[in-house]
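structure_19.cif follows; it contains mmCIF, C-alpha atoms.
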data_upload
#
loop_
_atom_site.label_atom_id
_atom_site.label_comp_id
_atom_site.auth_asym_id
_atom_site.auth_seq_id
_atom_site.Cartn_x
_atom_site.Cartn_y
_atom_site.Cartn_z
CA MET A 1 167.05 -25.17 9.88
CA ARG A 2 167.29 -28.97 9.73
CA ILE A 3 170.54 -30.28 11.19
CA GLY A 4 172.19 -33.69 11.03
CA TYR A 5 174.35 -34.19 14.13
CA PHE A 6 177.45 -36.41 14.29
CA GLY A 7 178.92 -36.52 17.79
CA ASP A 8 180.51 -38.08 20.83
CA GLY A 9 181.50 -37.01 24.34
CA VAL A 10 180.66 -34.29 26.81
CA TRP A 11 181.23 -31.44 24.37
CA ALA A 12 178.83 -33.01 21.87
CA GLN A 13 176.26 -33.62 24.60
CA ARG A 14 176.38 -30.00 25.79
CA ALA A 15 175.97 -28.49 22.33
CA PHE A 16 173.23 -30.96 21.44
CA ALA A 17 171.27 -30.24 24.63
CA ARG A 18 171.12 -26.57 23.65
CA LEU A 19 170.28 -27.18 20.01
CA ILE A 20 167.26 -29.38 20.74
CA GLU A 21 165.75 -26.63 22.88
CA ASP A 22 166.25 -23.90 20.28
CA PRO A 23 163.13 -23.36 18.11
CA HIS A 24 165.29 -22.20 15.20
CA TYR A 25 166.61 -25.71 14.67
CA THR A 26 165.26 -29.18 14.06
CA ILE A 27 167.67 -32.05 14.66
CA ALA A 28 166.83 -34.47 11.86
CA PHE A 29 169.05 -37.32 13.08
CA VAL A 30 172.03 -38.13 15.29
CA VAL A 31 174.99 -40.30 14.31
CA VAL A 32 177.06 -41.82 17.14
CA ARG A 33 180.22 -43.89 17.08
CA ALA A 34 179.58 -47.52 16.12
CA SER A 35 182.44 -48.85 18.25
CA ARG A 36 181.38 -47.08 21.45
CA PRO A 37 178.05 -45.25 21.20
CA ASP A 38 177.67 -42.24 23.50
CA THR A 39 174.83 -43.45 25.73
CA LYS A 40 174.07 -39.99 27.12
CA LEU A 41 173.82 -38.49 23.65
CA VAL A 42 171.63 -41.39 22.55
CA ALA A 43 169.35 -40.85 25.58
CA LEU A 44 169.03 -37.13 24.85
CA ALA A 45 168.04 -37.86 21.25
CA GLU A 46 165.61 -40.64 22.05
CA ALA A 47 163.90 -38.48 24.69
CA LYS A 48 163.04 -36.07 21.88
CA GLY A 49 162.12 -38.79 19.39
CA ILE A 50 165.15 -38.05 17.22
CA PRO A 51 166.41 -41.00 15.13
CA VAL A 52 169.84 -42.33 16.18
CA LEU A 53 172.19 -44.00 13.70
CA SER A 54 175.46 -45.83 14.38
CA PRO A 55 176.79 -47.03 11.03
CA ALA A 56 179.95 -49.11 11.03
CA ALA A 57 180.94 -47.37 7.78
CA VAL A 58 179.30 -43.96 7.52
CA ASN A 59 180.41 -43.48 3.90
CA ALA A 60 178.97 -46.81 2.70
CA PRO A 61 176.16 -46.58 0.12
CA GLU A 62 173.46 -47.84 2.49
CA SER A 63 174.47 -45.33 5.15
CA LEU A 64 174.56 -42.49 2.63
CA ALA A 65 171.07 -43.36 1.42
CA GLU A 66 169.70 -43.41 4.97
CA ILE A 67 171.30 -40.06 5.85
CA ALA A 68 170.24 -38.45 2.58
CA ALA A 69 166.60 -39.37 3.25
CA PHE A 70 166.55 -37.02 6.26
CA ALA A 71 167.24 -34.02 3.95
CA ALA A 72 169.21 -32.04 6.54
CA GLU A 73 170.29 -28.57 5.45
CA LEU A 74 173.42 -28.54 7.63
CA HIS A 75 175.58 -31.30 9.05
CA VAL A 76 177.51 -30.76 12.28
CA SER A 77 180.36 -32.89 13.61
CA MET A 78 181.69 -32.84 17.16
CA SER A 79 184.30 -35.50 18.03
CA TYR A 80 182.88 -38.03 15.58
CA ASP A 81 185.47 -40.72 14.83
CA GLN A 82 184.95 -41.41 11.10
CA ILE A 83 186.20 -39.22 8.27
CA LEU A 84 183.34 -37.80 6.22
CA ARG A 85 184.14 -38.37 2.55
CA GLU A 86 183.17 -36.39 -0.55
CA THR A 87 179.74 -37.89 -1.20
CA ILE A 88 178.41 -37.35 2.31
CA LEU A 89 179.80 -33.80 2.30
CA THR A 90 177.69 -32.98 -0.77
CA LEU A 91 174.42 -33.98 0.92
CA PRO A 92 173.63 -30.91 3.08
CA PRO A 93 173.16 -27.80 0.90
CA ARG A 94 174.62 -25.50 3.57
CA GLY A 95 177.67 -27.67 4.19
CA THR A 96 179.22 -29.47 7.16
CA LEU A 97 180.69 -27.82 10.26
CA ASN A 98 183.26 -29.39 12.57
CA CYS A 99 184.48 -28.20 15.96
CA HIS A 100 188.16 -28.83 16.72
CA ALA A 101 190.03 -28.16 20.00
CA GLY A 102 193.06 -26.70 18.25
CA ALA A 103 194.11 -23.33 16.89
CA LEU A 104 193.86 -24.17 13.19
CA PRO A 105 195.82 -24.23 10.95
CA PHE A 106 198.03 -25.38 13.82
CA TYR A 107 197.33 -28.55 15.79
CA ARG A 108 195.35 -30.28 13.09
CA GLY A 109 194.73 -33.94 13.72
CA ARG A 110 194.44 -35.88 16.96
CA ASN A 111 195.02 -35.09 20.65
CA PRO A 112 195.57 -31.34 20.11
CA LEU A 113 195.29 -30.43 23.82
CA THR A 114 197.97 -32.94 24.79
CA TRP A 115 200.30 -31.81 22.03
CA ALA A 116 199.81 -28.13 22.87
CA LEU A 117 200.94 -28.80 26.45
CA ILE A 118 203.89 -30.92 25.37
CA ASN A 119 205.03 -28.19 23.01
CA GLY A 120 204.86 -25.50 25.67
CA GLU A 121 202.19 -23.37 24.03
CA THR A 122 200.90 -20.42 26.03
CA GLU A 123 197.41 -20.75 24.55
CA PHE A 124 195.20 -23.26 22.77
CA GLY A 125 192.43 -22.70 20.27
CA ILE A 126 188.85 -23.74 19.69
CA THR A 127 188.02 -23.68 15.99
CA VAL A 128 184.78 -24.27 14.11
CA HIS A 129 185.46 -24.80 10.42
CA TRP A 130 183.82 -26.05 7.28
CA VAL A 131 184.72 -29.64 6.49
CA ASP A 132 186.51 -30.22 3.20
CA LEU A 133 188.39 -33.23 1.81
CA GLY A 134 191.45 -32.61 3.97
CA ILE A 135 191.96 -33.24 7.68
CA ASP A 136 190.99 -30.09 9.61
CA THR A 137 191.88 -27.92 6.61
CA GLY A 138 188.56 -26.24 5.80
CA ASP A 139 187.78 -22.54 6.00
CA ILE A 140 187.34 -21.19 9.52
CA VAL A 141 183.96 -19.88 10.69
CA ARG A 142 184.86 -19.04 14.29
CA GLN A 143 187.96 -19.34 16.44
CA ILE A 144 188.77 -18.40 20.01
CA LYS A 145 192.06 -18.56 21.91
CA VAL A 146 192.36 -19.66 25.55
CA PRO A 147 195.45 -19.01 27.72
CA ILE A 148 197.44 -21.97 29.06
CA SER A 149 198.95 -21.35 32.48
CA ALA A 150 202.12 -22.91 33.92
CA THR A 151 199.97 -25.14 36.12
CA ASP A 152 197.41 -26.27 33.55
CA THR A 153 197.14 -29.99 32.86
CA TYR A 154 195.36 -32.10 30.30
CA ALA A 155 192.49 -32.43 32.78
CA THR A 156 192.05 -28.68 33.25
CA LEU A 157 192.29 -27.92 29.53
CA LEU A 158 189.80 -30.67 28.74
CA GLU A 159 187.31 -29.29 31.26
CA THR A 160 187.63 -25.82 29.72
CA ALA A 161 187.40 -27.13 26.17
CA GLU A 162 184.27 -29.18 26.88
CA THR A 163 182.41 -25.97 27.68
CA LEU A 164 183.99 -23.65 25.12
CA CYS A 165 183.71 -26.12 22.22
CA ALA A 166 179.98 -26.31 22.79
CA ASP A 167 179.66 -22.53 23.09
CA THR A 168 181.72 -21.85 19.96
CA LEU A 169 179.86 -24.44 17.90
CA ILE A 170 176.49 -22.99 18.92
CA ASP A 171 177.68 -19.51 17.93
CA ALA A 172 178.92 -20.78 14.57
CA ILE A 173 175.62 -22.55 13.83
CA SER A 174 173.83 -19.31 14.66
CA ASP A 175 176.09 -17.50 12.19
CA VAL A 176 175.13 -19.99 9.48
CA TYR A 177 171.43 -19.71 10.33
CA HIS A 178 171.53 -15.92 10.04
CA GLY A 179 173.72 -15.95 6.95
CA SER A 180 176.51 -14.06 8.71
CA ASP A 181 179.08 -16.88 8.74
CA LYS A 182 182.59 -16.06 7.59
CA ARG A 183 185.01 -18.14 5.56
CA ILE A 184 188.60 -17.53 6.60
CA ALA A 185 191.03 -19.57 4.53
CA GLN A 186 193.55 -21.23 6.80
CA SER A 187 196.34 -20.38 4.37
CA THR A 188 195.84 -16.70 5.17
CA ILE A 189 196.85 -17.44 8.78
CA ASP A 190 199.77 -19.70 7.93
CA PRO A 191 200.55 -21.33 4.57
CA VAL A 192 201.76 -24.59 6.16
CA GLY A 193 200.27 -25.11 9.63
CA LEU A 194 201.06 -28.35 11.45
CA TYR A 195 199.53 -31.79 11.93
CA CYS A 196 199.50 -33.87 15.12
CA CYS A 197 199.38 -37.66 15.03
CA ARG A 198 197.16 -39.76 17.25
CA ARG A 199 198.96 -40.81 20.41
CA ARG A 200 199.40 -44.56 20.67
CA GLU A 201 200.34 -47.13 23.28
CA GLY A 202 203.96 -46.56 24.23
CA ASP A 203 203.91 -42.81 23.56
CA GLU A 204 203.33 -42.28 27.28
CA GLU A 205 206.82 -43.56 28.16
CA ILE A 206 209.08 -40.92 29.68
CA ASP A 207 212.35 -40.23 27.87
CA TRP A 208 214.60 -39.04 30.69
CA THR A 209 217.05 -37.52 28.19
CA TRP A 210 214.56 -34.70 27.59
CA SER A 211 215.10 -31.39 29.36
CA SER A 212 213.56 -30.83 32.78
CA ALA A 213 211.18 -28.21 31.35
CA ALA A 214 210.03 -30.57 28.58
CA LEU A 215 209.52 -33.44 31.05
CA GLU A 216 207.49 -31.28 33.44
CA ARG A 217 205.20 -30.32 30.54
CA PHE A 218 205.00 -33.96 29.43
CA VAL A 219 203.78 -34.99 32.89
CA ARG A 220 201.08 -32.28 32.88
CA ALA A 221 200.04 -33.27 29.34
CA LEU A 222 199.32 -36.90 30.23
CA VAL A 223 197.61 -36.75 33.63
CA PRO A 224 194.29 -38.65 33.93
CA PRO A 225 191.99 -38.94 32.11
CA GLY A 226 195.13 -39.43 30.02
CA PRO A 227 197.29 -42.51 30.65
CA GLY A 228 199.83 -40.74 32.86
CA ALA A 229 203.50 -40.28 31.93
CA ARG A 230 204.93 -43.77 32.47
CA THR A 231 208.32 -44.95 33.66
CA MET A 232 209.75 -48.21 34.97
CA GLY A 233 210.92 -48.43 38.56
CA LYS A 234 212.70 -51.27 40.32
CA ASP A 235 209.41 -52.95 41.26
CA GLY A 236 207.26 -52.16 38.24
CA SER A 237 205.72 -49.45 36.10
CA TYR A 238 204.58 -46.10 37.47
CA ALA A 239 202.55 -43.22 36.08
CA VAL A 240 204.08 -39.90 37.10
CA LEU A 241 201.21 -37.59 38.05
CA ALA A 242 203.02 -34.47 39.28
CA ALA A 243 206.49 -33.01 38.87
CA GLU A 244 208.21 -29.76 39.81
CA LEU A 245 211.04 -27.82 38.27
CA ILE A 246 213.93 -26.99 40.60
CA PRO A 247 214.64 -23.25 40.53
CA ALA A 248 218.22 -22.50 39.47
CA ALA A 249 219.04 -26.19 39.00
CA ARG A 250 222.35 -26.37 37.18
CA SER A 251 222.71 -28.12 33.84
CA TYR A 252 225.31 -30.90 33.85
CA ILE A 253 226.12 -34.23 32.23
CA GLY A 254 224.96 -37.25 34.20
CA ALA A 255 222.84 -40.39 33.88
CA PRO A 256 219.29 -39.45 32.84
CA GLY A 257 216.69 -41.32 34.86
CA GLU A 258 218.87 -41.81 37.93
CA VAL A 259 217.39 -40.93 41.31
CA ILE A 260 219.96 -38.51 42.69
CA GLY A 261 218.22 -37.63 45.94
CA ARG A 262 215.09 -37.50 48.06
CA ASP A 263 213.46 -34.77 50.09
CA GLY A 264 210.15 -34.09 51.81
CA GLY A 265 208.45 -33.42 48.48
CA GLY A 266 209.48 -36.55 46.58
CA ILE A 267 212.46 -37.80 44.62
CA LEU A 268 214.97 -35.86 42.53
CA VAL A 269 215.65 -37.41 39.11
CA LYS A 270 218.41 -36.53 36.66
CA THR A 271 217.15 -35.37 33.27
CA GLY A 272 218.82 -34.51 30.00
CA ASP A 273 219.99 -31.17 31.32
CA SER A 274 219.45 -30.71 35.07
CA PHE A 275 217.11 -32.57 37.44
CA ILE A 276 213.46 -32.54 38.40
CA ARG A 277 211.36 -33.38 41.45
CA ILE A 278 208.73 -36.11 41.08
CA THR A 279 206.12 -35.46 43.76
CA ARG A 280 203.37 -37.97 42.94
CA TRP A 281 203.17 -41.20 41.05
CA ALA A 282 200.84 -44.19 40.91
CA PRO A 283 201.63 -47.85 40.31
CA VAL A 284 200.38 -49.22 37.00
CA GLY A 285 198.47 -52.49 37.20
CA THR A 286 198.87 -55.36 34.79
CA ASP A 287 195.68 -54.19 33.07
CA GLY A 288 197.05 -50.66 32.68
CA SER A 289 194.89 -49.14 35.41
CA LEU A 290 196.42 -46.78 37.96
CA GLY A 291 196.59 -47.44 41.68
CA ALA A 292 196.46 -44.84 44.44
CA ALA A 293 198.73 -41.80 44.07
CA LEU A 294 201.82 -41.95 46.27
CA VAL A 295 204.82 -39.83 47.17
CA PRO A 296 207.65 -41.66 45.33
CA ALA A 297 210.05 -43.57 47.55
CA ALA A 298 212.63 -44.81 45.04
CA ALA A 299 216.09 -45.17 46.53
CA ARG A 300 218.98 -42.88 45.69
CA GLY A 301 221.05 -44.45 42.94
CA SER A 302 218.18 -46.42 41.41
CA ARG A 303 217.39 -45.91 37.74
CA LEU A 304 214.03 -45.07 36.23
CA GLY A 305 213.20 -45.89 32.66
CA ARG A 306 212.45 -48.72 30.31
CA ASN A 307 213.60 -52.11 31.57
CA LEU A 308 214.51 -53.88 28.34
CA THR A 309 214.51 -57.31 29.95
CA ALA A 310 210.99 -56.76 31.29
CA ALA A 311 209.85 -55.34 27.94
CA LEU A 312 211.18 -58.40 26.11
CA ALA A 313 209.42 -60.73 28.56
CA GLN A 314 206.17 -58.80 28.06
CA ALA A 315 206.51 -59.03 24.27
CA GLU A 316 207.18 -62.77 24.47
CA ALA A 317 204.11 -63.22 26.68
CA LYS A 318 201.95 -61.34 24.16
CA LEU A 319 203.35 -63.45 21.32
CA ALA A 320 202.67 -66.66 23.22
CA ALA A 321 199.10 -65.55 23.93
CA LEU A 322 198.58 -64.74 20.25
CA GLU A 323 199.96 -68.11 19.18
CA THR A 324 197.62 -69.85 21.63
CA LYS A 325 194.67 -67.88 20.28
CA LEU A 326 195.57 -68.83 16.71
CA GLY A 327 196.17 -72.44 17.66
CA LEU A 328 199.84 -72.30 16.80
CA GLY A 329 202.82 -73.67 18.67
CA ARG A 330 206.44 -72.75 18.69
CA GLY A 331 208.16 -74.60 15.90
CA ASP A 332 204.98 -75.26 13.88
#

Represent the structure contained in this file as structure tokens.
Amino acid sequence: MRIGYFGDGVWAQRAFARLIEDPHYTIAFVVVRASRPDTKLVALAEAKGIPVLSPAAVNAPESLAEIAAFAAELHVSMSYDQILRETILTLPPRGTLNCHAGALPFYRGRNPLTWALINGETEFGITVHWVDLGIDTGDIVRQIKVPISATDTYATLLETAETLCADTLIDAISDVYHGSDKRIAQSTIDPVGLYCCRRREGDEEIDWTWSSAALERFVRALVPPGPGARTMGKDGSYAVLAAELIPAARSYIGAPGEVIGRDGGGILVKTGDSFIRITRWAPVGTDGSLGAALVPAAARGSRLGRNLTAALAQAEAKLAALETKLGLGRGD
């Protein structure tokens, strides 16, 4: 079976490495992201003499013509960053498969692992589905569920997903090859489902008015390779890397974000209901990179959270830089 492969990242690399060694399949071509080509995936393809494409607009007529010429029977997508539109979906006679790290019809869209942790799910899904004109709405071919423990982080879920996405995609392709693939309409699982937006700059800021339980999950959901859950301290921005709930901590009204105490494990910070222990954080550099992890040493009575004066100064600096780039001056 001739396969056209659209992919990026470790999960795509792992599935691809297995497919190119399987005599049942011929990889006709590989499409990588134009903005940031996956060099490892490119190297794997080139080592086997497989053509590699990186179109800036995959649905453009010239790209469609090039892809159509390979006459692939099945297209497969794994973390590819462009939406495949109607014309390209009609090219492979057996259809187009996509692997998604979410339990469809829930957690459609972007950053499903992060959102699953933030929402306190006890499991996440790996779903291989047929691609249709919607976003992660096509019929399901295979789906597995993976437990989420109370100590799991974005890093641990990502490591698990990188292996299981590849495994599940390989199994689904085998189903298609043998003609045993299923089509489970997502509406039969839930008529509505839910969609998750892509996380953007600023979404990593901690809102100390959230509950302690929600904040502890938020910290675990954003650990590196995520950006880290960010907050402003007296001397700059920090990424909170680890936090602990306080057993039997009483709920009371106070000032969210205030450091109410310190102990051997870190600092105690008032939240929207009770308080939480921050055990590790890292300073955030001016370029957004994280420094070495530290035990927080903020003083009792200090406040964590967005410093509006600093935020305004940062915005003005960005505006000034943009004006300089555009050759403008204040008052022009």

Would you write out, as CSV, a table of all residues in stretch 207-278 of chain A that have an atom no more than 7 Å from an atom of stretch 111-130 of chain A, listing for each the closest atom pair and the distance in Å to one decimal, considering all atoms listed in the file and ordering rows by chain and rising residue number?
residue,atom,partner,partner_atom,distance
A:Ala214,CA,A:Ile118,CA,6.9
A:Arg217,CA,A:Ile118,CA,5.4
A:Phe218,CA,A:Ile118,CA,5.2
A:Ala221,CA,A:Thr114,CA,5.0
A:Leu222,CA,A:Thr114,CA,6.9

message: Translate the PyMOL selection byres ((chain A and resi 24) around 12) into a concrete residue list for this structure, as a list of chain:residue names.
response: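 Checked against the file, the PyMOL selection byres ((chain A and resi 24) around 12) matches A:Met1, A:Arg2, A:Ile3, A:Arg18, A:Leu19, A:Ile20, A:Glu21, A:Asp22, A:Pro23, A:Tyr25, A:Thr26, A:Ile27, A:Ile170, A:Ile173, A:Ser174, A:Val176, A:Tyr177, A:His178.
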
- prompt: What gap, in Å, lies between atom CA of A:Ser79 and atom CA of A:Gly193?
  reply: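 According to the coordinates, atom CA of A:Ser79 and atom CA of A:Gly193 are separated by 20.8 Å.
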
- prompt: atom CA of A:Lys48 to atom CA of A:Ala72: how many Å, to one decimal?
  reply: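 If I compute the distance from atom CA of A:Lys48 to atom CA of A:Ala72, I get 17.0 Å.
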
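Distance-wise, atom CA of A:Ala315 and atom CA of A:Ser289 end up 18.9 Å apart.
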
Please report, as AutoDock Vina command-line options, the centre and edge lengths in Å to one decimal of an axis-aligned box covering all listed atoms of stretch 130-138 of chain A with 5 Å per side.
--center_x 187.9 --center_y -29.6 --center_z 5.7 --size_x 18.1 --size_y 17.2 --size_z 17.8

task: Return the single residue from A:Thr209, A:Asn59, A:Gln13, A:Ser302 that is closest to A:Glu86, with distances computed using only C-alpha atoms.
output: A:Asn59

- request: For the file shown, report as a list in words the outcome of the PyMOL selection byres ((chain A and resi 153) around 9) at residue level.
  value: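 Checking the PyMOL selection byres ((chain A and resi 153) around 9) against this file, the residues are Thr114, Leu117, Ile148, Ser149, Ala150, Thr151, Asp152, Tyr154, Ala155, Thr156, Leu157, Leu158, Arg217, Val219, Arg220, Ala221, Leu222 and Val223 of chain A.
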
task: Using all atoms listed in the file, find the one residue out of A:Ala34, A:Ala65, A:Val269, A:Ala293 that sits nearest to A:Pro256.
output: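 The closest residue to A:Pro256 is A:Val269.
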
Residues matched by the PyMOL selection byres ((chain A and resi 283) around 7), written as a PyMOL selection string: chain A and resi 237-239+281-282+284-285+290-291

field: Shell of 10 Å around A:Pro61, all atoms listed in the file, local chain residues under 6 positions omitted, as a PyMOL selection string
entry: chain A and resi 67+87-88

- prompt: Which one of A:Arg198, A:Arg183, A:Arg280, A:Arg300 sits closest to A:Tyr107 if you count all atoms listed in the file?
  reply: A:Arg198

message: So that I can check the surroundings of A:Gly9, please list as a list in words every protein, DNA and RNA residue that reaches within 10 Å of it, counting only C-alpha atoms and ignoring chain neighbours fewer than 6 positions away.
response: Val32, Pro37, Asp38, Thr39, Lys40, Leu41, Met78, Ser79, Tyr80 and Glu162 of chain A

task: For A:Cys196, work out the shell of residues within 6 Å, counting all atoms listed in the file and skipping chain neighbours fewer than 3 positions away, then give it as a list in words.
output: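 Using all atoms listed in the file, the neighbours found are Tyr107, Arg108, Gly109 and Arg110 of chain A.
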
message: Could you check the closest approach to A:Phe275 for each of A:Ala103, A:Val10, A:Val146, A:Ala255 and tell me which residue wins, using all atoms listed in the file?
response: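 Among the listed residues, the smallest separation from A:Phe275 belongs to A:Ala255.
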
query: Restricting the calculation to only C-alpha atoms, which member of A:Leu74, A:Cys99, A:Ala248, A:Leu104 is positioned closest to A:Asp167?
result: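 Checking each candidate against A:Asp167, we get A:Cys99 as the closest.
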
query: Quick one: of A:Pro51, A:Gly261, A:Gly327, A:Gly179, who's nearest to A:Val141, counting all atoms listed in the file?
result: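 Smallest distance to A:Val141 is found for A:Gly179.
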
- request: Find the residues near A:Ile246: any atom within 12 Å, counting all atoms listed in the file, skip ones fewer than 4 places away on the same chain, and give them as a ChimeraX atom specification.
  value: /A:212-213,216,250-251,265,267-271,273-279

Write the selection just made, keeping C-alpha atoms, as a short mmCIF file (atom, residue, chain, number, x, y, z; two decimals), in the coordinates of the input?
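Heads up, here's the output in result.cif:
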data_model
loop_
_atom_site.label_atom_id
_atom_site.label_comp_id
_atom_site.auth_asym_id
_atom_site.auth_seq_id
_atom_site.Cartn_x
_atom_site.Cartn_y
_atom_site.Cartn_z
CA SER A 212 213.56 -30.83 32.78
CA ALA A 213 211.18 -28.21 31.35
CA GLU A 216 207.49 -31.28 33.44
CA ARG A 250 222.35 -26.37 37.18
CA SER A 251 222.71 -28.12 33.84
CA GLY A 265 208.45 -33.42 48.48
CA ILE A 267 212.46 -37.80 44.62
CA LEU A 268 214.97 -35.86 42.53
CA VAL A 269 215.65 -37.41 39.11
CA LYS A 270 218.41 -36.53 36.66
CA THR A 271 217.15 -35.37 33.27
CA ASP A 273 219.99 -31.17 31.32
CA SER A 274 219.45 -30.71 35.07
CA PHE A 275 217.11 -32.57 37.44
CA ILE A 276 213.46 -32.54 38.40
CA ARG A 277 211.36 -33.38 41.45
CA ILE A 278 208.73 -36.11 41.08
CA THR A 279 206.12 -35.46 43.76
#

Complete stretch 238-245 of chain A at the level of all heavy atoms, written as a JSON list (two decimals), keeping the file's coordinate frame.
[["chain", "number", "residue", "atom", "x", "y", "z"],
["A", 238, "TYR", "N", 205.27, -47.17, 36.76],
["A", 238, "TYR", "CA", 204.58, -46.10, 37.47],
["A", 238, "TYR", "C", 204.14, -45.03, 36.49],
["A", 238, "TYR", "O", 204.80, -44.78, 35.47],
["A", 238, "TYR", "CB", 205.50, -45.46, 38.52],
["A", 238, "TYR", "CG", 205.76, -46.34, 39.72],
["A", 238, "TYR", "CD1", 206.81, -47.26, 39.72],
["A", 238, "TYR", "CD2", 204.94, -46.28, 40.85],
["A", 238, "TYR", "CE1", 207.04, -48.08, 40.81],
["A", 238, "TYR", "CE2", 205.16, -47.09, 41.94],
["A", 238, "TYR", "CZ", 206.21, -47.99, 41.92],
["A", 238, "TYR", "OH", 206.43, -48.80, 43.00],
["A", 239, "ALA", "N", 203.02, -44.38, 36.82],
["A", 239, "ALA", "CA", 202.55, -43.22, 36.08],
["A", 239, "ALA", "C", 202.88, -41.99, 36.91],
["A", 239, "ALA", "O", 202.38, -41.85, 38.04],
["A", 239, "ALA", "CB", 201.06, -43.29, 35.82],
["A", 240, "VAL", "N", 203.72, -41.13, 36.39],
["A", 240, "VAL", "CA", 204.08, -39.90, 37.10],
["A", 240, "VAL", "C", 202.94, -38.91, 36.94],
["A", 240, "VAL", "O", 202.55, -38.57, 35.83],
["A", 240, "VAL", "CB", 205.40, -39.32, 36.55],
["A", 240, "VAL", "CG1", 205.73, -38.01, 37.25],
["A", 240, "VAL", "CG2", 206.54, -40.32, 36.72],
["A", 241, "LEU", "N", 202.40, -38.45, 38.06],
["A", 241, "LEU", "CA", 201.21, -37.59, 38.05],
["A", 241, "LEU", "C", 201.53, -36.14, 38.33],
["A", 241, "LEU", "O", 200.72, -35.26, 38.02],
["A", 241, "LEU", "CB", 200.20, -38.11, 39.08],
["A", 241, "LEU", "CG", 199.76, -39.57, 38.91],
["A", 241, "LEU", "CD1", 198.79, -39.96, 40.02],
["A", 241, "LEU", "CD2", 199.14, -39.80, 37.53],
["A", 242, "ALA", "N", 202.66, -35.86, 38.97],
["A", 242, "ALA", "CA", 203.02, -34.47, 39.28],
["A", 242, "ALA", "C", 204.53, -34.35, 39.38],
["A", 242, "ALA", "O", 205.20, -35.24, 39.93],
["A", 242, "ALA", "CB", 202.36, -34.01, 40.57],
["A", 243, "ALA", "N", 205.05, -33.27, 38.84],
["A", 243, "ALA", "CA", 206.49, -33.01, 38.87],
["A", 243, "ALA", "C", 206.72, -31.52, 39.04],
["A", 243, "ALA", "O", 205.86, -30.70, 38.69],
["A", 243, "ALA", "CB", 207.15, -33.51, 37.59],
["A", 244, "GLU", "N", 207.87, -31.16, 39.57],
["A", 244, "GLU", "CA", 208.21, -29.76, 39.81],
["A", 244, "GLU", "C", 209.60, -29.46, 39.27],
["A", 244, "GLU", "O", 210.53, -30.27, 39.43],
["A", 244, "GLU", "CB", 208.19, -29.44, 41.31],
["A", 244, "GLU", "CG", 206.84, -29.61, 41.97],
["A", 244, "GLU", "CD", 206.92, -29.41, 43.49],
["A", 244, "GLU", "OE1", 208.04, -29.25, 44.02],
["A", 244, "GLU", "OE2", 205.85, -29.42, 44.12],
["A", 245, "LEU", "N", 209.73, -28.30, 38.66],
["A", 245, "LEU", "CA", 211.04, -27.82, 38.27],
["A", 245, "LEU", "C", 211.79, -27.33, 39.50],
["A", 245, "LEU", "O", 211.18, -26.85, 40.46],
["A", 245, "LEU", "CB", 210.91, -26.70, 37.25],
["A", 245, "LEU", "CG", 210.27, -27.07, 35.91],
["A", 245, "LEU", "CD1", 210.09, -25.83, 35.04],
["A", 245, "LEU", "CD2", 211.11, -28.11, 35.18]]
